[in-house]
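This is my_file.pdb. It holds PDB, C-alpha atoms and all ligand atoms.
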ATOM      1  CA  MET A   1      -8.511  13.121  -3.793
ATOM      2  CA  SER A   2      -4.994  14.083  -4.634
ATOM      3  CA  THR A   3      -3.968  17.727  -4.524
ATOM      4  CA  VAL A   4      -0.484  17.313  -5.966
ATOM      5  CA  LYS A   5       0.933  19.852  -8.366
ATOM      6  CA  ASP A   6       0.153  19.866 -12.081
ATOM      7  CA  ILE A   7       1.361  16.934 -14.135
ATOM      8  CA  ILE A   8       0.100  18.266 -17.464
ATOM      9  CA  GLY A   9       1.562  21.402 -19.066
ATOM     10  CA  VAL A  10       4.852  21.310 -17.169
ATOM     11  CA  ARG A  11       8.344  20.312 -18.285
ATOM     12  CA  SER A  12       8.119  16.542 -18.420
ATOM     13  CA  PHE A  13       9.960  13.405 -19.424
ATOM     14  CA  VAL A  14       7.386  10.953 -20.771
ATOM     15  CA  MET A  15       8.185   7.354 -21.682
ATOM     16  CA  ILE A  16       5.469   5.470 -23.587
ATOM     17  CA  THR A  17       5.792   1.773 -24.401
ATOM     18  CA  GLY A  18       4.015   0.331 -27.432
ATOM     19  CA  ALA A  19       3.950   3.744 -29.114
ATOM     20  CA  SER A  20       4.382   2.419 -32.674
ATOM     21  CA  ARG A  21       0.660   2.059 -33.377
ATOM     22  CA  GLY A  22      -2.808   1.833 -31.850
ATOM     23  CA  PHE A  23      -3.493   3.393 -28.474
ATOM     24  CA  GLY A  24       0.167   4.120 -27.713
ATOM     25  CA  ARG A  25       0.448   6.261 -30.830
ATOM     26  CA  ALA A  26      -2.726   8.154 -29.878
ATOM     27  CA  VAL A  27      -1.436   8.793 -26.352
ATOM     28  CA  ALA A  28       1.872  10.073 -27.762
ATOM     29  CA  LEU A  29       0.018  12.471 -30.049
ATOM     30  CA  GLU A  30      -2.393  13.784 -27.397
ATOM     31  CA  LEU A  31       0.276  14.129 -24.694
ATOM     32  CA  GLY A  32       2.698  15.696 -27.165
ATOM     33  CA  LYS A  33       0.182  18.500 -27.667
ATOM     34  CA  VAL A  34      -0.046  19.375 -23.965
ATOM     35  CA  VAL A  35       3.329  18.771 -22.288
ATOM     36  CA  GLY A  36       5.210  21.869 -21.170
ATOM     37  CA  ALA A  37       8.071  23.553 -23.008
ATOM     38  CA  GLY A  38      11.357  21.646 -22.773
ATOM     39  CA  SER A  39       9.644  18.269 -22.435
ATOM     40  CA  THR A  40      10.852  15.021 -23.990
ATOM     41  CA  LEU A  41       8.799  12.075 -25.234
ATOM     42  CA  LEU A  42      10.593   8.720 -25.335
ATOM     43  CA  LEU A  43       8.698   6.264 -27.543
ATOM     44  CA  VAL A  44       9.468   2.551 -27.266
ATOM     45  CA  SER A  45       8.482  -0.567 -29.214
ATOM     46  CA  ARG A  46      10.160  -3.056 -31.589
ATOM     47  CA  ASN A  47       9.220  -1.559 -34.965
ATOM     48  CA  ARG A  48      11.504   1.406 -35.631
ATOM     49  CA  ALA A  49       9.774   2.460 -38.869
ATOM     50  CA  ASP A  50       6.389   2.634 -37.151
ATOM     51  CA  LEU A  51       7.927   4.596 -34.268
ATOM     52  CA  GLU A  52       9.289   7.059 -36.837
ATOM     53  CA  THR A  53       5.749   7.472 -38.178
ATOM     54  CA  THR A  54       4.459   8.188 -34.674
ATOM     55  CA  LYS A  55       7.221  10.748 -34.224
ATOM     56  CA  GLU A  56       6.237  12.501 -37.468
ATOM     57  CA  ILE A  57       2.596  12.629 -36.369
ATOM     58  CA  VAL A  58       3.545  14.026 -32.957
ATOM     59  CA  ARG A  59       5.888  16.650 -34.422
ATOM     60  CA  ASP A  60       3.323  17.719 -37.035
ATOM     61  CA  ALA A  61       1.052  18.614 -34.114
ATOM     62  CA  ARG A  62       3.853  19.995 -31.908
ATOM     63  CA  PRO A  63       6.770  21.194 -34.038
ATOM     64  CA  GLY A  64      10.112  21.154 -32.251
ATOM     65  CA  LEU A  65       9.099  18.846 -29.397
ATOM     66  CA  ALA A  66      11.933  16.474 -28.446
ATOM     67  CA  VAL A  67      10.775  12.992 -29.461
ATOM     68  CA  GLU A  68      13.258  10.155 -28.952
ATOM     69  CA  LEU A  69      12.827   6.593 -30.205
ATOM     70  CA  GLU A  70      14.137   3.311 -28.858
ATOM     71  CA  SER A  71      13.557  -0.020 -30.547
ATOM     72  CA  ILE A  72      13.369  -2.618 -27.774
ATOM     73  CA  ASP A  73      11.787  -6.041 -27.386
ATOM     74  CA  LEU A  74      10.076  -5.772 -24.018
ATOM     75  CA  ALA A  75       9.819  -9.564 -23.803
ATOM     76  CA  THR A  76      13.583  -9.754 -23.268
ATOM     77  CA  ALA A  77      14.591  -6.284 -22.015
ATOM     78  CA  ASP A  78      16.142  -6.200 -18.528
ATOM     79  CA  LYS A  79      17.320  -3.726 -15.908
ATOM     80  CA  THR A  80      20.465  -2.851 -17.860
ATOM     81  CA  THR A  81      18.500  -2.218 -21.066
ATOM     82  CA  PHE A  82      16.019   0.036 -19.293
ATOM     83  CA  THR A  83      18.691   1.930 -17.382
ATOM     84  CA  ASN A  84      20.661   2.593 -20.555
ATOM     85  CA  VAL A  85      17.580   3.625 -22.522
ATOM     86  CA  VAL A  86      16.256   6.047 -19.900
ATOM     87  CA  ARG A  87      19.683   7.549 -19.122
ATOM     88  CA  ALA A  88      20.516   7.974 -22.816
ATOM     89  CA  ASN A  89      17.393  10.083 -23.350
ATOM     90  CA  TYR A  90      16.585  12.030 -20.194
ATOM     91  CA  GLY A  91      19.235  14.754 -20.514
ATOM     92  CA  SER A  92      19.789  16.418 -17.164
ATOM     93  CA  ALA A  93      16.926  14.551 -15.458
ATOM     94  CA  ASP A  94      15.675  17.739 -13.826
ATOM     95  CA  HIS A  95      12.197  17.538 -15.309
ATOM     96  CA  GLU A  96       9.361  18.669 -13.075
ATOM     97  CA  VAL A  97       7.466  15.478 -13.845
ATOM     98  CA  ALA A  98       8.580  12.021 -15.013
ATOM     99  CA  ILE A  99       5.765   9.925 -16.505
ATOM    100  CA  VAL A 100       5.979   6.307 -17.594
ATOM    101  CA  ILE A 101       3.014   4.907 -19.532
ATOM    102  CA  HIS A 102       2.960   1.126 -19.754
ATOM    103  CA  ASN A 103       0.875   0.646 -22.863
ATOM    104  CA  ALA A 104       2.590  -2.228 -24.735
ATOM    105  CA  GLY A 105       0.579  -5.400 -24.448
ATOM    106  CA  THR A 106      -0.344  -8.587 -26.255
ATOM    107  CA  LEU A 107      -3.434 -10.762 -26.276
ATOM    108  CA  GLY A 108      -1.765 -14.104 -25.554
ATOM    109  CA  GLN A 109      -4.913 -15.878 -26.676
ATOM    110  CA  ASP A 110      -5.471 -18.270 -29.541
ATOM    111  CA  GLY A 111      -8.729 -19.945 -28.669
ATOM    112  CA  ARG A 112      -7.283 -22.117 -25.891
ATOM    113  CA  LYS A 113      -8.999 -22.384 -22.538
ATOM    114  CA  ILE A 114      -7.038 -21.895 -19.322
ATOM    115  CA  THR A 115      -7.111 -25.685 -18.729
ATOM    116  CA  ASP A 116      -5.308 -26.122 -22.065
ATOM    117  CA  LEU A 117      -2.308 -24.107 -20.833
ATOM    118  CA  THR A 118       0.572 -26.333 -19.648
ATOM    119  CA  ASP A 119       3.675 -24.825 -21.250
ATOM    120  CA  ILE A 120       5.383 -22.864 -18.503
ATOM    121  CA  SER A 121       8.014 -21.473 -20.873
ATOM    122  CA  GLU A 122       5.275 -20.040 -23.064
ATOM    123  CA  MET A 123       3.535 -18.535 -20.032
ATOM    124  CA  SER A 124       6.841 -17.060 -18.849
ATOM    125  CA  VAL A 125       7.310 -15.241 -22.164
ATOM    126  CA  TYR A 126       3.765 -13.880 -21.945
ATOM    127  CA  TYR A 127       4.168 -12.668 -18.378
ATOM    128  CA  GLN A 128       7.652 -11.268 -19.012
ATOM    129  CA  LEU A 129       6.191  -9.022 -21.717
ATOM    130  CA  ASN A 130       2.913  -8.191 -20.017
ATOM    131  CA  LEU A 131       3.907  -8.060 -16.334
ATOM    132  CA  PHE A 132       7.540  -8.612 -15.331
ATOM    133  CA  HIS A 133       9.147  -5.945 -17.508
ATOM    134  CA  VAL A 134       6.594  -3.439 -16.211
ATOM    135  CA  ILE A 135       7.695  -4.009 -12.608
ATOM    136  CA  CYS A 136      11.366  -3.766 -13.589
ATOM    137  CA  LEU A 137      10.901  -0.595 -15.653
ATOM    138  CA  ASN A 138       9.015   1.151 -12.846
ATOM    139  CA  SER A 139      11.915   0.441 -10.483
ATOM    140  CA  VAL A 140      14.515   1.654 -12.973
ATOM    141  CA  PHE A 141      12.427   4.730 -13.792
ATOM    142  CA  LYS A 142      12.191   5.698 -10.121
ATOM    143  CA  SER A 143      15.942   5.283  -9.631
ATOM    144  CA  CYS A 144      16.669   7.586 -12.600
ATOM    145  CA  PHE A 145      14.596  10.550 -11.376
ATOM    146  CA  THR A 146      15.339  11.777  -7.879
ATOM    147  CA  ARG A 147      14.001  15.318  -8.220
ATOM    148  CA  SER A 148      10.900  14.834 -10.370
ATOM    149  CA  LYS A 149       7.285  14.204  -9.489
ATOM    150  CA  MET A 150       6.753  10.555 -10.489
ATOM    151  CA  VAL A 151       3.693   9.397 -12.448
ATOM    152  CA  TYR A 152       3.163   5.703 -13.224
ATOM    153  CA  ILE A 153       0.376   4.763 -15.625
ATOM    154  CA  ASN A 154      -0.745   1.234 -16.370
ATOM    155  CA  ILE A 155      -2.878   0.793 -19.480
ATOM    156  CA  SER A 156      -5.271  -1.723 -18.031
ATOM    157  CA  SER A 157      -8.551  -3.211 -19.264
ATOM    158  CA  ILE A 158     -12.036  -4.066 -18.057
ATOM    159  CA  LEU A 159     -10.645  -7.605 -18.308
ATOM    160  CA  ALA A 160      -8.479  -6.917 -15.255
ATOM    161  CA  LEU A 161     -11.799  -7.124 -13.392
ATOM    162  CA  GLN A 162     -13.932  -9.452 -15.540
ATOM    163  CA  PRO A 163     -13.309 -12.897 -17.061
ATOM    164  CA  LEU A 164     -13.445 -13.685 -20.774
ATOM    165  CA  THR A 165     -13.290 -17.245 -22.069
ATOM    166  CA  THR A 166      -9.915 -18.216 -23.623
ATOM    167  CA  TRP A 167      -8.292 -15.001 -22.370
ATOM    168  CA  GLY A 168      -6.689 -16.507 -19.252
ATOM    169  CA  ASN A 169      -3.288 -14.977 -19.954
ATOM    170  CA  TYR A 170      -4.679 -11.556 -20.820
ATOM    171  CA  CYS A 171      -7.000 -11.376 -17.793
ATOM    172  CA  GLY A 172      -4.273 -12.758 -15.519
ATOM    173  CA  GLY A 173      -1.697 -10.269 -16.756
ATOM    174  CA  LYS A 174      -4.001  -7.264 -16.529
ATOM    175  CA  ALA A 175      -5.309  -8.198 -13.054
ATOM    176  CA  ALA A 176      -1.774  -8.700 -11.760
ATOM    177  CA  ARG A 177      -0.646  -5.372 -13.223
ATOM    178  CA  ASP A 178      -3.497  -3.566 -11.498
ATOM    179  CA  ALA A 179      -2.531  -5.208  -8.190
ATOM    180  CA  VAL A 180       1.130  -4.292  -8.604
ATOM    181  CA  PHE A 181       0.251  -0.662  -9.341
ATOM    182  CA  ARG A 182      -2.005  -0.528  -6.261
ATOM    183  CA  VAL A 183       0.972  -1.642  -4.166
ATOM    184  CA  LEU A 184       3.131   0.973  -5.899
ATOM    185  CA  ALA A 185       0.614   3.666  -4.954
ATOM    186  CA  VAL A 186       0.784   2.628  -1.301
ATOM    187  CA  GLU A 187       4.579   2.417  -1.258
ATOM    188  CA  GLU A 188       5.095   5.688  -3.167
ATOM    189  CA  PRO A 189       2.579   8.103  -1.635
ATOM    190  CA  ASP A 190       4.204  11.143  -3.263
ATOM    191  CA  SER A 191       3.691   9.665  -6.729
ATOM    192  CA  GLN A 192       0.586   9.503  -8.906
ATOM    193  CA  VAL A 193      -0.394   5.988  -9.972
ATOM    194  CA  LEU A 194      -3.253   5.198 -12.336
ATOM    195  CA  ASN A 195      -4.673   2.005 -13.805
ATOM    196  CA  TYR A 196      -6.541   3.303 -16.869
ATOM    197  CA  ALA A 197      -8.882   0.989 -18.799
ATOM    198  CA  PRO A 198      -9.260   2.655 -22.200
ATOM    199  CA  GLY A 199     -12.439   0.920 -23.355
ATOM    200  CA  PRO A 200     -12.787  -1.202 -26.508
ATOM    201  CA  LEU A 201     -10.562   0.424 -29.118
ATOM    202  CA  ASP A 202     -10.415   0.355 -32.876
ATOM    203  CA  THR A 203      -6.740  -0.672 -33.124
ATOM    204  CA  PRO A 204      -4.580  -3.283 -34.894
ATOM    205  CA  MET A 205      -4.931  -5.509 -31.811
ATOM    206  CA  ILE A 206      -8.604  -6.075 -32.632
ATOM    207  CA  GLU A 207      -7.882  -6.529 -36.352
ATOM    208  CA  GLU A 208      -5.365  -9.252 -35.459
ATOM    209  CA  LEU A 209      -7.851 -10.930 -33.163
ATOM    210  CA  LEU A 210     -10.503 -11.050 -35.902
ATOM    211  CA  ALA A 211      -7.962 -12.258 -38.475
ATOM    212  CA  ASP A 212      -6.865 -15.178 -36.263
ATOM    213  CA  GLU A 213      -8.854 -18.256 -37.280
ATOM    214  CA  LYS A 214      -8.211 -19.814 -33.859
ATOM    215  CA  THR A 215     -10.091 -17.042 -32.019
ATOM    216  CA  ASP A 216     -12.868 -18.488 -29.882
ATOM    217  CA  PRO A 217     -16.312 -18.056 -31.544
ATOM    218  CA  VAL A 218     -17.780 -16.311 -28.473
ATOM    219  CA  VAL A 219     -14.930 -13.821 -28.463
ATOM    220  CA  ARG A 220     -15.108 -13.340 -32.220
ATOM    221  CA  THR A 221     -18.850 -12.586 -32.113
ATOM    222  CA  MET A 222     -18.365 -10.145 -29.255
ATOM    223  CA  PHE A 223     -15.763  -8.100 -31.125
ATOM    224  CA  GLU A 224     -17.556  -8.373 -34.482
ATOM    225  CA  ASP A 225     -20.666  -6.943 -32.807
ATOM    226  CA  LEU A 226     -18.668  -4.092 -31.238
ATOM    227  CA  LYS A 227     -17.205  -3.288 -34.641
ATOM    228  CA  ARG A 228     -20.528  -3.561 -36.492
ATOM    229  CA  ASN A 229     -22.335  -1.394 -33.923
ATOM    230  CA  GLY A 230     -19.685   1.296 -34.139
ATOM    231  CA  SER A 231     -18.922   0.698 -30.440
ATOM    232  CA  LEU A 232     -15.161   0.506 -30.833
ATOM    233  CA  LEU A 233     -13.714   3.793 -29.610
ATOM    234  CA  ARG A 234     -11.348   5.986 -31.563
ATOM    235  CA  PRO A 235      -7.973   5.715 -29.784
ATOM    236  CA  ALA A 236      -7.687   9.525 -29.862
ATOM    237  CA  ASP A 237     -10.934   9.882 -27.875
ATOM    238  CA  SER A 238      -9.796   7.512 -25.152
ATOM    239  CA  ALA A 239      -6.339   9.116 -25.052
ATOM    240  CA  ALA A 240      -8.042  12.482 -24.509
ATOM    241  CA  VAL A 241      -9.855  11.028 -21.489
ATOM    242  CA  LEU A 242      -6.579   9.770 -20.032
ATOM    243  CA  ILE A 243      -5.097  13.252 -20.369
ATOM    244  CA  ALA A 244      -8.201  14.835 -18.841
ATOM    245  CA  LEU A 245      -7.790  12.518 -15.831
ATOM    246  CA  LEU A 246      -4.120  13.445 -15.477
ATOM    247  CA  ARG A 247      -4.978  17.116 -15.757
ATOM    248  CA  LYS A 248      -7.738  16.983 -13.151
ATOM    249  CA  GLN A 249      -6.199  14.288 -10.889
ATOM    250  CA  ASN A 250      -9.638  13.513  -9.516
ATOM    251  CA  PHE A 251      -8.754   9.875  -8.877
ATOM    252  CA  LYS A 252      -7.155   8.250  -5.850
ATOM    253  CA  SER A 253      -3.613   7.137  -6.618
ATOM    254  CA  GLY A 254      -3.664   3.429  -7.482
ATOM    255  CA  ASP A 255      -7.288   3.402  -8.631
ATOM    256  CA  HIS A 256      -8.601   1.537 -11.665
ATOM    257  CA  VAL A 257     -10.488   4.071 -13.793
ATOM    258  CA  ASP A 258     -12.398   3.024 -16.906
ATOM    259  CA  TYR A 259     -13.161   5.243 -19.902
ATOM    260  CA  TYR A 260     -16.868   4.767 -19.109
ATOM    261  CA  ASP A 261     -16.610   5.619 -15.381
ATOM    262  CA  ASN A 262     -18.266   8.764 -14.059
ATOM    263  CA  ILE A 263     -14.916   9.935 -12.752
ATOM    264  CA  ALA A 264     -13.653  10.020 -16.364
ATOM    265  CA  LYS A 265     -16.703  12.027 -17.412
ATOM    266  CA  ASP A 266     -16.187  14.358 -14.448
ATOM    267  CA  ALA A 267     -12.611  14.936 -15.556
ATOM    268  CA  GLY A 268     -14.061  16.417 -18.730
ATOM    269  CA  GLY A 269     -13.002  13.747 -21.203
ATOM    270  CA  SER A 270     -15.577  11.044 -21.947
ATOM    271  CA  THR A 271     -19.018  12.099 -23.104
ATOM    272  CA  GLN A 272     -20.465   8.559 -23.348
TER     273      GLN A 272
HETATM  274  N1  LIG B   1      -7.632  -2.543 -28.288
HETATM  275  C1  LIG B   1      -8.459  -2.646 -27.267
HETATM  276  O1  LIG B   1      -9.692  -2.813 -27.438
HETATM  277  C2  LIG B   1      -7.964  -2.531 -25.853
HETATM  278  C3  LIG B   1      -8.904  -2.519 -24.802
HETATM  279  C4  LIG B   1      -8.446  -2.421 -23.486
HETATM  280  C5  LIG B   1      -7.092  -2.329 -23.242
HETATM  281  N2  LIG B   1      -6.186  -2.333 -24.283
HETATM  282  C6  LIG B   1      -4.775  -2.240 -23.965
HETATM  283  O2  LIG B   1      -4.237  -1.075 -24.576
HETATM  284  C7  LIG B   1      -2.853  -1.311 -24.890
HETATM  285  C8  LIG B   1      -2.600  -0.974 -26.348
HETATM  286  O3  LIG B   1      -3.455  -1.794 -27.134
HETATM  287  P1  LIG B   1      -3.598  -1.617 -28.712
HETATM  288  O4  LIG B   1      -4.981  -2.066 -29.023
HETATM  289  O5  LIG B   1      -3.123  -0.293 -29.137
HETATM  290  O6  LIG B   1      -2.582  -2.764 -29.192
HETATM  291  P2  LIG B   1      -1.769  -2.929 -30.546
HETATM  292  O7  LIG B   1      -2.408  -2.173 -31.642
HETATM  293  O8  LIG B   1      -1.580  -4.395 -30.733
HETATM  294  O9  LIG B   1      -0.362  -2.252 -30.188
HETATM  295  C9  LIG B   1       0.475  -2.896 -29.248
HETATM  296  C10 LIG B   1       1.756  -2.104 -29.087
HETATM  297  O10 LIG B   1       2.610  -2.889 -28.222
HETATM  298  C11 LIG B   1       3.883  -3.029 -28.847
HETATM  299  N3  LIG B   1       4.484  -4.325 -28.511
HETATM  300  C12 LIG B   1       3.929  -5.541 -28.649
HETATM  301  N4  LIG B   1       4.817  -6.491 -28.324
HETATM  302  C13 LIG B   1       5.967  -5.841 -27.976
HETATM  303  C14 LIG B   1       7.255  -6.257 -27.561
HETATM  304  N5  LIG B   1       7.573  -7.569 -27.457
HETATM  305  N6  LIG B   1       8.189  -5.323 -27.288
HETATM  306  C15 LIG B   1       7.906  -4.001 -27.434
HETATM  307  N7  LIG B   1       6.698  -3.537 -27.817
HETATM  308  C16 LIG B   1       5.752  -4.458 -28.093
HETATM  309  C17 LIG B   1       3.608  -2.926 -30.345
HETATM  310  O11 LIG B   1       4.733  -2.421 -31.039
HETATM  311  P3  LIG B   1       5.783  -3.264 -31.924
HETATM  312  O12 LIG B   1       5.020  -4.291 -32.681
HETATM  313  O13 LIG B   1       6.419  -2.199 -32.763
HETATM  314  O14 LIG B   1       6.753  -3.851 -30.949
HETATM  315  C18 LIG B   1       2.496  -1.898 -30.388
HETATM  316  O15 LIG B   1       3.047  -0.599 -30.418
HETATM  317  C19 LIG B   1      -2.573  -2.768 -24.538
HETATM  318  O16 LIG B   1      -1.971  -2.850 -23.268
HETATM  319  C20 LIG B   1      -3.950  -3.385 -24.514
HETATM  320  O17 LIG B   1      -4.011  -4.517 -23.687
HETATM  321  C21 LIG B   1      -6.594  -2.425 -25.577
END

Output the structure of this file as structure tokens.
Amino acid sequence: MSTVKDIIGVRSFVMITGASRGFGRAVALELGKVVGAGSTLLLVSRNRADLETTKEIVRDARPGLAVELESIDLATADKTTFTNVVRANYGSADHEVAIVIHNAGTLGQDGRKITDLTDISEMSVYYQLNLFHVICLNSVFKSCFTRSKMVYINISSILALQPLTTWGNYCGGKAARDAVFRVLAVEEPDSQVLNYAPGPLDTPMIEELLADEKTDPVVRTMFEDLKRNGSLLRPADSAAVLIALLRKQNFKSGDHVDYYDNIAKDAGGSTQ
């Protein structure tokens, strides 16, 4: 178990990708409530108007908190983009803690099985958005903060560990991200690294999946059942568990922790 200093409640620079809606918005709101005085949230996604809405929600809960927005397409962003974006927003870079939360993600499924996938350009776009940019941003983030405690969070999924028919890209991307973050934890022993699987969430991602007529029938039934049974989690509830884990730090750096794991319950977040 890690015994590093607090990473919640101190002066922090927090970068959250995919903060314009869904889980990213919930994480921004919940973290915005608990970061220390003088902290900055940097919210990133493509849709500027939706980012503005997230900012309003965060500042309603935490008036005066510095919330910066950057509209970036993570499928094409590179080292220069990330360097410019982080440097433009981090001020003096003397924050006690620097946290990057890799939340942006896409399904990359449309009912095709893995043996239907032959277009390497298409796969490259998927993996650039869901894997490659994450590796690049972590490296840039580390280079920008030399005096801060570093915290790297991968928003993972149970599907990093389990297969789901027609979700070859999604499972492949999530599994690879987990592996990369485990390596990061080994290489950066003074940092905190977490692969957090947030559980099945009631977000636009699931609405889009159900609206897509090409969605595989097995997958459709699975998510329709989750919705009908009321088993989709409120993003705010899962975000609260993530923050409880960061507060307690009762995980080993690099671990994959699921919303439903005992360790999440022990942290004081999940009650299910
Ligand atoms: N929903 C679930 O049941 C579930 C379960 C387990 C794990 N997760 C994971 O949790 C994370 C968030 O999921 P969610 O359900 O909140 O998804 P969502 O509602 O679809 O939101 C995805 C976010 O990613 C951003 N994004 C997508 N493509 C982008 C791009 N090219 N460049 C920049 N930003 C981009 C979107 O913003 P813009 O459109 O503004 O760019 C949006 O803010 C994902 O990593 C997902 O895999 C979700």

**Nearby residues, ligand LIG 1 (chain B), 9 Å, only C-alpha atoms and all ligand atoms, as a ChimeraX atom specification** = /A:17-26,44-51,71-77,102-107,129-130,154-159,170,174,196-208,223,232-233,235

**Request:** Given the file shown, enumerate the residues that the PyMOL selection byres (((chain A and resi 138-145) around 7) and not hetatm) captures and present them as a PyMOL selection string.
**Result:** chain A and resi 79+82-83+93+134-137+146-148

**Prompt:** Between A:Ser121, A:Asn89, A:Thr40, A:Ser253, which one has atoms that come closest to Asp178 (chain A), using all atoms listed in the file?
**Reply:** A:Ser253

**Message:** At a cut-off of 6 Å, using all atoms listed in the file, what residues contact Val193 (chain A)? Leave out same-chain residues fewer than 5 positions from it and give the result as a PyMOL selection string.
**Reply:** chain A and resi 151-153+185+253-254

**Prompt:** At what distance in Å, to one decimal, does CA of Thr166 (chain A) lie from CA of Val27 (chain A)?
**Reply:** 28.4 Å

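Across the structure, CA of Ile99 (chain A) and CA of Lys5 (chain A) are spaced 13.7 Å apart.
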
**Asked** From the set A:Ile7, A:Val67, A:Met15, A:Leu245, which residue has the shortest atom-to-atom contact distance to Val100 (chain A), counting all atoms listed in the file?
**Response**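 When distances to Val100 (chain A) are compared using all atoms listed in the file, the smallest one comes from A:Met15.
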